[in-house]
Each structure stands twice: as C-alpha cells, then as structure tokens.
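A.B. asks: Can you keep this structure in mind? I'll have questions shortly.
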Amino acid sequence: MTDTARMSRVLSNLQLSRDFFLMRVAEPNEAKMGQFYMLRSWGMYPLLSRPLSVYDADPETLTFLYKVVGQGTKLFSGLRAGDSVATGRALGNTFPVVTGRVALVGGGVGIAPLYLTAKTLKKMDASTRLDLYLGFSDEAVLCGEFEKVGDRVVTDVGGFITDRISPEDYDWVLTCGPEAMMRALYGKCEKAGTKLYVSMERRMACGFGVCLACGCDTSRGRKKVCVDGPVFPAEEVFI
Ligand SMILES: Cc1cc2nc3c(=O)[nH]c(=O)nc-3n(C[C@H](O)[C@H](O)[C@H](O)COP(=O)(O)OP(=O)(O)OC[C@H]3O[C@@H](n4cnc5c(N)ncnc54)[C@H](O)[C@@H]3O)c2cc1C
Ligand code: FES
C-alpha cells in the first residue's frame, strides 16, 4: 500500500467562486495548522498526487480549499458527496505557536492554511490579538468564516494585500501565498523588525522526503519543502 492509498469519503465539495472549491472529507486525523495532504481521486494518470493544505480539521473530518488550475484540481472539482479520495496522512511541519500581536497574511488560495492556523492560535491563547489580511485577484471568498476566527479581517480584491499591513503593529506575521507577495512582505517585516514565517510552495512528487522534487535553497543549505517545511522562517529562504 502506498502512503497515499488511504481512501476517505467526500462529504461535500462546494463551488465558492469560478475557480475556488471547498471539499470536506470524512477522515480521522490529528492534522495541525500549516500541514498538507497529498490527494488523488484518479487511477494511474495523472501520475502524481497533488498537495493541498489543511483548511480546517476536527478529529473526524478534514476540509481543503483549492483553486482549479490544471488537470488534478479539475478532477477534484468533479467529486461529489459519497465519492472517494485518497488522502494518506498529514505531512510537513506546522506554523509556530505564537502569541501576542499576530497577523496572518494570505494571497489567493494561499489563504487556505490560515483558517486552521487562526483557529488554533486563538484556542491556545484567547488573549492573542489576531488580525487576518486576505488578498484576492478577482473575487473574495470565505471572509465571513475568517471573521469568526480572527479579531479583524482586512480584504483586498485586485490590489496588493501587502500594502494594507503595517508589520510594526505586530510581534509575529505568518504568511502563505505567491512567492512575490511573500518576498514583498518580508521586505516590510525586515524593516519593521517583525519576525515572519512563510509557507513555501514547490512542485511535489512524493510529499514525504524521498524523491527530492521539492528542493529549496536556504541559509542552512538545500532543504526539502515537504519534510523540512512547508513553513520556514522568512530570513532562511529569502536569501
Ligand atoms: C505544500 C503545498 C500546499 C498547497 N496547498 C494548496 C491548497 O491548499 N490549495 C490549492 O489550491 N493549492 C495548493 N497547493 C498548490 C497545488 O498543489 C497545485 O495547484 C496543484 O498541485 C496543481 O495541480 P493541477 O494538476 O491542477 O495543475 P497542474 O496541471 O499540475 O499545473 C497547472 C499550473 O499550476 C502550476 N502549479 C502546479 N503545482 C504547483 C505548485 N505546487 N506550486 C506552484 N505552481 C504550481 C503549474 O506550474 C501550472 O502552471 C499547494 C502546494 C503545496 C506545495
Ligand atoms: S516531494 Fe518528494 S522529497 Fe519532497
């Protein structure tokens, strides 16, 4: 049995906008904020499973937010309640547990891991001040849901979400999104002296450290995003 052969039942797969879908599956799990699964809902082709971050999790279910960009995600979008999807196990490291004044910044489908992250950080310390900055290129999704887990939600459609945040207002910033967005945010955080953690994306084949597909140069040498990440301190990867 391969690592991704564990089958889970689809409970719902909602279309939120033209390209964004929210899929909930029945799967006992202990997934943590920032982790991902390698999913597939097909046989031999496409060859590779596709990595998706955990948007939300409870002990019995997992929820994934995904954007249709190619063949694999298109196949996910055709799944209906009752269908099966191979999930495997939660992979990768997690966002750090931080308290105080915290900002979570997401760009596009990079908002996916931030929901469970916000929920987890608030649960661990209710006094944490947690603001969410969500940037979208055309249509905002799930803002009402994020309002339930953060103290303040700032959204931007069509502009640059990085223009909306002042990192000096925060002790910690955690982010996921396009690399250019995360680099711009790093520039601002560095100037403000605010620590930034980034969730990196690379094409992945195995997801658990054996194929070397997901290499990333860091200040500590070449790392595998699937097992050493996806979360890294920004200063280690933006060198
Ligand atoms: C750790 C991790 C977590 C992720 N979490 C999510 C998530 O929660 N929701 C979500 O929608 N997507 C997420 N992604 C990206 C997602 O895995 C890809 O969009 C997906 O694999 C594309 O598969 P496809 O067959 O639809 O597209 P393909 O036909 O494989 O590719 C279509 C286009 O997308 C680009 N692409 C494919 N994979 C990636 C990638 N990993 N990084 C950048 N560009 C890519 C290709 O270059 C191509 O232009 C994550 C990626 C990683 C590495
Ligand atoms: S995806 Fe295979 S080593 Fe990272």
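Residues in the structure tokens are named by chain (A, B, ... in the order shown) and by number from 1 within that chain; ligands are numbered from 1 in the order shown.
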Can I get the residues close to ligand 1 as a list in words, where close means within 7 Å and we count only C-alpha atoms and all ligand atoms?
C.D. replies: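 Checked against 7 Å with only C-alpha atoms and all ligand atoms; the hits are Phe36, Arg50, Pro51, Leu52, Ser53, Val54, Tyr55, Phe64, Leu65, Tyr66, Lys67, Val68, Val69, Gly70, Gln71, Gly72, Thr73, Lys74, Val109, Gly110, Ala112, Pro113, Met200, Glu201, Arg202, Arg203, Met204, Cys226 and Pro230 of chain A.
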A.B. asks: Pull the closest atom pair for each residue of chain A that gets at most 9 Å from ligand 2, along with the distance in Å to one decimal, counting only C-alpha atoms and all ligand atoms, ordering rows by chain and then ascending residue number, as JSON lines.
C.D. replies:
```
{"residue": "A:Arg202", "atom": "CA", "partner": "ligand 2", "partner_atom_place_in_ligand_line": "1 (S)", "distance": 8.1}
{"residue": "A:Arg203", "atom": "CA", "partner": "ligand 2", "partner_atom_place_in_ligand_line": "1 (S)", "distance": 7.1}
{"residue": "A:Met204", "atom": "CA", "partner": "ligand 2", "partner_atom_place_in_ligand_line": "1 (S)", "distance": 3.9}
{"residue": "A:Ala205", "atom": "CA", "partner": "ligand 2", "partner_atom_place_in_ligand_line": "1 (S)", "distance": 4.5}
{"residue": "A:Cys206", "atom": "CA", "partner": "ligand 2", "partner_atom_place_in_ligand_line": "2 (Fe)", "distance": 4.0}
{"residue": "A:Gly207", "atom": "CA", "partner": "ligand 2", "partner_atom_place_in_ligand_line": "1 (S)", "distance": 3.9}
{"residue": "A:Phe208", "atom": "CA", "partner": "ligand 2", "partner_atom_place_in_ligand_line": "2 (Fe)", "distance": 5.6}
{"residue": "A:Gly209", "atom": "CA", "partner": "ligand 2", "partner_atom_place_in_ligand_line": "3 (S)", "distance": 3.4}
{"residue": "A:Val210", "atom": "CA", "partner": "ligand 2", "partner_atom_place_in_ligand_line": "3 (S)", "distance": 4.5}
{"residue": "A:Cys211", "atom": "CA", "partner": "ligand 2", "partner_atom_place_in_ligand_line": "2 (Fe)", "distance": 3.8}
{"residue": "A:Leu212", "atom": "CA", "partner": "ligand 2", "partner_atom_place_in_ligand_line": "3 (S)", "distance": 3.8}
{"residue": "A:Ala213", "atom": "CA", "partner": "ligand 2", "partner_atom_place_in_ligand_line": "2 (Fe)", "distance": 5.0}
{"residue": "A:Cys214", "atom": "CA", "partner": "ligand 2", "partner_atom_place_in_ligand_line": "4 (Fe)", "distance": 4.4}
{"residue": "A:Gly215", "atom": "CA", "partner": "ligand 2", "partner_atom_place_in_ligand_line": "4 (Fe)", "distance": 6.9}
{"residue": "A:Lys223", "atom": "CA", "partner": "ligand 2", "partner_atom_place_in_ligand_line": "4 (Fe)", "distance": 9.0}
{"residue": "A:Lys224", "atom": "CA", "partner": "ligand 2", "partner_atom_place_in_ligand_line": "4 (Fe)", "distance": 5.2}
{"residue": "A:Val225", "atom": "CA", "partner": "ligand 2", "partner_atom_place_in_ligand_line": "4 (Fe)", "distance": 5.9}
{"residue": "A:Cys226", "atom": "CA", "partner": "ligand 2", "partner_atom_place_in_ligand_line": "4 (Fe)", "distance": 4.4}
{"residue": "A:Val227", "atom": "CA", "partner": "ligand 2", "partner_atom_place_in_ligand_line": "4 (Fe)", "distance": 6.6}
{"residue": "A:Asp228", "atom": "CA", "partner": "ligand 2", "partner_atom_place_in_ligand_line": "4 (Fe)", "distance": 8.8}
```
A.B. asks: Once you have the residues from the selection above, write them out as a PDB file, in the first residue's frame, restricted to N, CA, C and O atoms.
C.D. replies:
```pdb
ATOM      1  N   ARG A 202       6.338  24.270  -3.588  1.00  0.00           N
ATOM      2  CA  ARG A 202       7.167  23.703  -4.646  1.00  0.00           C
ATOM      3  C   ARG A 202       6.364  22.588  -5.303  1.00  0.00           C
ATOM      4  O   ARG A 202       5.471  22.023  -4.677  1.00  0.00           O
ATOM      5  N   ARG A 203       6.677  22.278  -6.567  1.00  0.00           N
ATOM      6  CA  ARG A 203       6.063  21.086  -7.165  1.00  0.00           C
ATOM      7  C   ARG A 203       6.509  19.897  -6.327  1.00  0.00           C
ATOM      8  O   ARG A 203       7.673  19.795  -5.948  1.00  0.00           O
ATOM      9  N   MET A 204       5.580  18.988  -6.038  1.00  0.00           N
ATOM     10  CA  MET A 204       5.914  17.840  -5.193  1.00  0.00           C
ATOM     11  C   MET A 204       5.527  16.538  -5.878  1.00  0.00           C
ATOM     12  O   MET A 204       4.506  16.478  -6.573  1.00  0.00           O
ATOM     13  N   ALA A 205       6.338  15.499  -5.638  1.00  0.00           N
ATOM     14  CA  ALA A 205       6.014  14.188  -6.207  1.00  0.00           C
ATOM     15  C   ALA A 205       5.605  13.217  -5.103  1.00  0.00           C
ATOM     16  O   ALA A 205       4.495  12.690  -5.104  1.00  0.00           O
ATOM     17  N   CYS A 206       6.490  12.997  -4.121  1.00  0.00           N
ATOM     18  CA  CYS A 206       6.148  12.026  -3.067  1.00  0.00           C
ATOM     19  C   CYS A 206       5.468  12.680  -1.871  1.00  0.00           C
ATOM     20  O   CYS A 206       4.532  12.126  -1.307  1.00  0.00           O
ATOM     21  N   GLY A 207       5.958  13.842  -1.449  1.00  0.00           N
ATOM     22  CA  GLY A 207       5.383  14.532  -0.288  1.00  0.00           C
ATOM     23  C   GLY A 207       5.983  14.101   1.038  1.00  0.00           C
ATOM     24  O   GLY A 207       5.658  14.662   2.069  1.00  0.00           O
ATOM     25  N   PHE A 208       6.854  13.084   1.032  1.00  0.00           N
ATOM     26  CA  PHE A 208       7.418  12.645   2.312  1.00  0.00           C
ATOM     27  C   PHE A 208       8.931  12.416   2.285  1.00  0.00           C
ATOM     28  O   PHE A 208       9.468  11.599   3.027  1.00  0.00           O
ATOM     29  N   GLY A 209       9.621  13.155   1.401  1.00  0.00           N
ATOM     30  CA  GLY A 209      11.065  13.262   1.568  1.00  0.00           C
ATOM     31  C   GLY A 209      11.948  12.324   0.768  1.00  0.00           C
ATOM     32  O   GLY A 209      13.156  12.343   0.950  1.00  0.00           O
ATOM     33  N   VAL A 210      11.374  11.523  -0.154  1.00  0.00           N
ATOM     34  CA  VAL A 210      12.239  10.554  -0.840  1.00  0.00           C
ATOM     35  C   VAL A 210      12.597  10.919  -2.286  1.00  0.00           C
ATOM     36  O   VAL A 210      13.581  10.426  -2.816  1.00  0.00           O
ATOM     37  N   CYS A 211      11.832  11.788  -2.944  1.00  0.00           N
ATOM     38  CA  CYS A 211      12.042  11.975  -4.393  1.00  0.00           C
ATOM     39  C   CYS A 211      12.931  13.182  -4.728  1.00  0.00           C
ATOM     40  O   CYS A 211      13.377  13.314  -5.858  1.00  0.00           O
ATOM     41  N   LEU A 212      13.132  14.083  -3.802  1.00  0.00           N
ATOM     42  CA  LEU A 212      13.956  15.293  -3.977  1.00  0.00           C
ATOM     43  C   LEU A 212      13.369  16.297  -4.970  1.00  0.00           C
ATOM     44  O   LEU A 212      14.073  17.167  -5.468  1.00  0.00           O
ATOM     45  N   ALA A 213      12.068  16.179  -5.268  1.00  0.00           N
ATOM     46  CA  ALA A 213      11.459  17.095  -6.245  1.00  0.00           C
ATOM     47  C   ALA A 213      11.295  18.510  -5.704  1.00  0.00           C
ATOM     48  O   ALA A 213      11.194  19.453  -6.481  1.00  0.00           O
ATOM     49  N   CYS A 214      11.258  18.653  -4.386  1.00  0.00           N
ATOM     50  CA  CYS A 214      10.779  19.915  -3.809  1.00  0.00           C
ATOM     51  C   CYS A 214      11.897  20.734  -3.168  1.00  0.00           C
ATOM     52  O   CYS A 214      11.642  21.446  -2.187  1.00  0.00           O
ATOM     53  N   GLY A 215      13.097  20.646  -3.711  1.00  0.00           N
ATOM     54  CA  GLY A 215      14.253  21.321  -3.103  1.00  0.00           C
ATOM     55  C   GLY A 215      14.099  22.833  -3.039  1.00  0.00           C
ATOM     56  O   GLY A 215      13.492  23.452  -3.918  1.00  0.00           O
ATOM     57  N   LYS A 223      17.059  22.399   1.370  1.00  0.00           N
ATOM     58  CA  LYS A 223      16.061  21.711   2.200  1.00  0.00           C
ATOM     59  C   LYS A 223      14.928  21.188   1.328  1.00  0.00           C
ATOM     60  O   LYS A 223      14.697  21.679   0.225  1.00  0.00           O
ATOM     61  N   LYS A 224      14.215  20.196   1.868  1.00  0.00           N
ATOM     62  CA  LYS A 224      13.031  19.658   1.174  1.00  0.00           C
ATOM     63  C   LYS A 224      11.798  20.345   1.749  1.00  0.00           C
ATOM     64  O   LYS A 224      11.564  20.262   2.961  1.00  0.00           O
ATOM     65  N   VAL A 225      11.042  20.982   0.878  1.00  0.00           N
ATOM     66  CA  VAL A 225       9.873  21.719   1.367  1.00  0.00           C
ATOM     67  C   VAL A 225       8.855  20.767   2.007  1.00  0.00           C
ATOM     68  O   VAL A 225       8.173  21.120   2.963  1.00  0.00           O
ATOM     69  N   CYS A 226       8.798  19.515   1.531  1.00  0.00           N
ATOM     70  CA  CYS A 226       7.759  18.605   2.048  1.00  0.00           C
ATOM     71  C   CYS A 226       8.022  18.120   3.463  1.00  0.00           C
ATOM     72  O   CYS A 226       7.068  17.862   4.200  1.00  0.00           O
ATOM     73  N   VAL A 227       9.285  17.974   3.859  1.00  0.00           N
ATOM     74  CA  VAL A 227       9.543  17.483   5.220  1.00  0.00           C
ATOM     75  C   VAL A 227      10.209  18.534   6.126  1.00  0.00           C
ATOM     76  O   VAL A 227       9.941  18.572   7.312  1.00  0.00           O
ATOM     77  N   ASP A 228      11.069  19.375   5.556  1.00  0.00           N
ATOM     78  CA  ASP A 228      11.691  20.440   6.354  1.00  0.00           C
ATOM     79  C   ASP A 228      10.745  21.632   6.459  1.00  0.00           C
ATOM     80  O   ASP A 228      10.897  22.493   7.322  1.00  0.00           O
TER      81      ASP A 228
END
```
A.B. asks: Using only C-alpha atoms, can you tell me which of A:Pro46, A:Gly177, A:Gly150, A:Gly34 comes closest to Arg129 in chain A?
C.D. replies: A:Gly150
A.B. asks: As a list of chain:residue names, please: the residues near Thr63 in chain A (cut-off 7 Å, only C-alpha atoms, same-chain neighbours under 3 positions excluded).
C.D. replies: A:Leu22, A:Met23, A:Arg24, A:Val25, A:Val54, A:Tyr55, A:Asp56, A:Ala57
A.B. asks: For the selection just defined, write its residues with all heavy atoms to a file, as a short mmCIF file (atom, residue, chain, number, x, y, z; two decimals), in the first residue's frame.
C.D. replies:
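What follows is the written file selection.cif:
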```cif
data_model
loop_
_atom_site.label_atom_id
_atom_site.label_comp_id
_atom_site.auth_asym_id
_atom_site.auth_seq_id
_atom_site.Cartn_x
_atom_site.Cartn_y
_atom_site.Cartn_z
N LEU A 22 -14.41 24.18 -1.94
CA LEU A 22 -14.17 23.77 -0.55
C LEU A 22 -14.65 22.33 -0.41
O LEU A 22 -15.84 22.06 -0.57
CB LEU A 22 -14.96 24.69 0.39
CG LEU A 22 -14.60 24.63 1.86
CD1 LEU A 22 -13.19 25.18 2.11
CD2 LEU A 22 -15.61 25.44 2.68
N MET A 23 -13.71 21.43 -0.14
CA MET A 23 -14.06 20.00 -0.08
C MET A 23 -13.86 19.48 1.34
O MET A 23 -12.78 19.64 1.92
CB MET A 23 -13.19 19.20 -1.05
CG MET A 23 -13.44 17.71 -0.98
SD MET A 23 -12.78 16.83 -2.41
CE MET A 23 -11.03 17.13 -2.23
N ARG A 24 -14.89 18.83 1.86
CA ARG A 24 -14.81 18.25 3.21
C ARG A 24 -14.86 16.74 3.07
O ARG A 24 -15.68 16.21 2.31
CB ARG A 24 -15.99 18.77 4.03
CG ARG A 24 -15.91 18.50 5.48
CD ARG A 24 -16.78 19.49 6.27
NE ARG A 24 -16.93 18.97 7.62
CZ ARG A 24 -18.01 18.35 8.06
NH1 ARG A 24 -19.06 18.20 7.28
NH2 ARG A 24 -18.03 17.89 9.29
N VAL A 25 -13.96 16.06 3.77
CA VAL A 25 -13.91 14.59 3.68
C VAL A 25 -13.94 13.99 5.08
O VAL A 25 -13.49 14.62 6.04
CB VAL A 25 -12.64 14.09 2.92
CG1 VAL A 25 -12.55 14.70 1.53
CG2 VAL A 25 -11.36 14.37 3.71
N VAL A 54 -4.26 21.85 4.73
CA VAL A 54 -5.47 21.65 5.54
C VAL A 54 -6.08 23.01 5.84
O VAL A 54 -5.44 23.86 6.47
CB VAL A 54 -5.13 20.93 6.86
CG1 VAL A 54 -6.38 20.76 7.71
CG2 VAL A 54 -4.47 19.58 6.57
N TYR A 55 -7.29 23.23 5.35
CA TYR A 55 -8.01 24.48 5.64
C TYR A 55 -8.63 24.41 7.03
O TYR A 55 -8.54 25.35 7.81
CB TYR A 55 -9.09 24.70 4.57
CG TYR A 55 -10.08 25.79 4.91
CD1 TYR A 55 -9.78 27.12 4.67
CD2 TYR A 55 -11.32 25.49 5.49
CE1 TYR A 55 -10.68 28.13 5.00
CE2 TYR A 55 -12.22 26.48 5.82
CZ TYR A 55 -11.90 27.80 5.56
OH TYR A 55 -12.80 28.79 5.90
N ASP A 56 -9.25 23.25 7.32
CA ASP A 56 -9.85 23.07 8.65
C ASP A 56 -9.81 21.58 8.98
O ASP A 56 -9.76 20.73 8.07
CB ASP A 56 -11.29 23.58 8.65
CG ASP A 56 -11.84 23.75 10.07
OD1 ASP A 56 -11.04 23.71 11.03
OD2 ASP A 56 -13.06 23.94 10.21
N ALA A 57 -9.82 21.29 10.26
CA ALA A 57 -9.79 19.89 10.69
C ALA A 57 -10.46 19.75 12.03
O ALA A 57 -10.34 20.62 12.88
CB ALA A 57 -8.33 19.41 10.79
#
```
A.B. asks: Would you mind reading off the distance between CA of Leu121 in chain A and CA of Val149 in chain A, one decimal, in Å?
C.D. replies: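 For CA of Leu121 in chain A relative to CA of Val149 in chain A, the distance reads 9.4 Å.
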A.B. asks: For Lys122 in chain A, which residue out of A:Gly92, A:Gly221, A:Gly100, A:Gly107 is the nearest one, using only C-alpha atoms?
C.D. replies: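 That would be A:Gly100, the residue with the smallest distance to Lys122 in chain A.
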A.B. asks: Could you check how far CA of Thr128 in chain A sits from CA of Val154 in chain A, in Å to one decimal?
C.D. replies: 17.3 Å
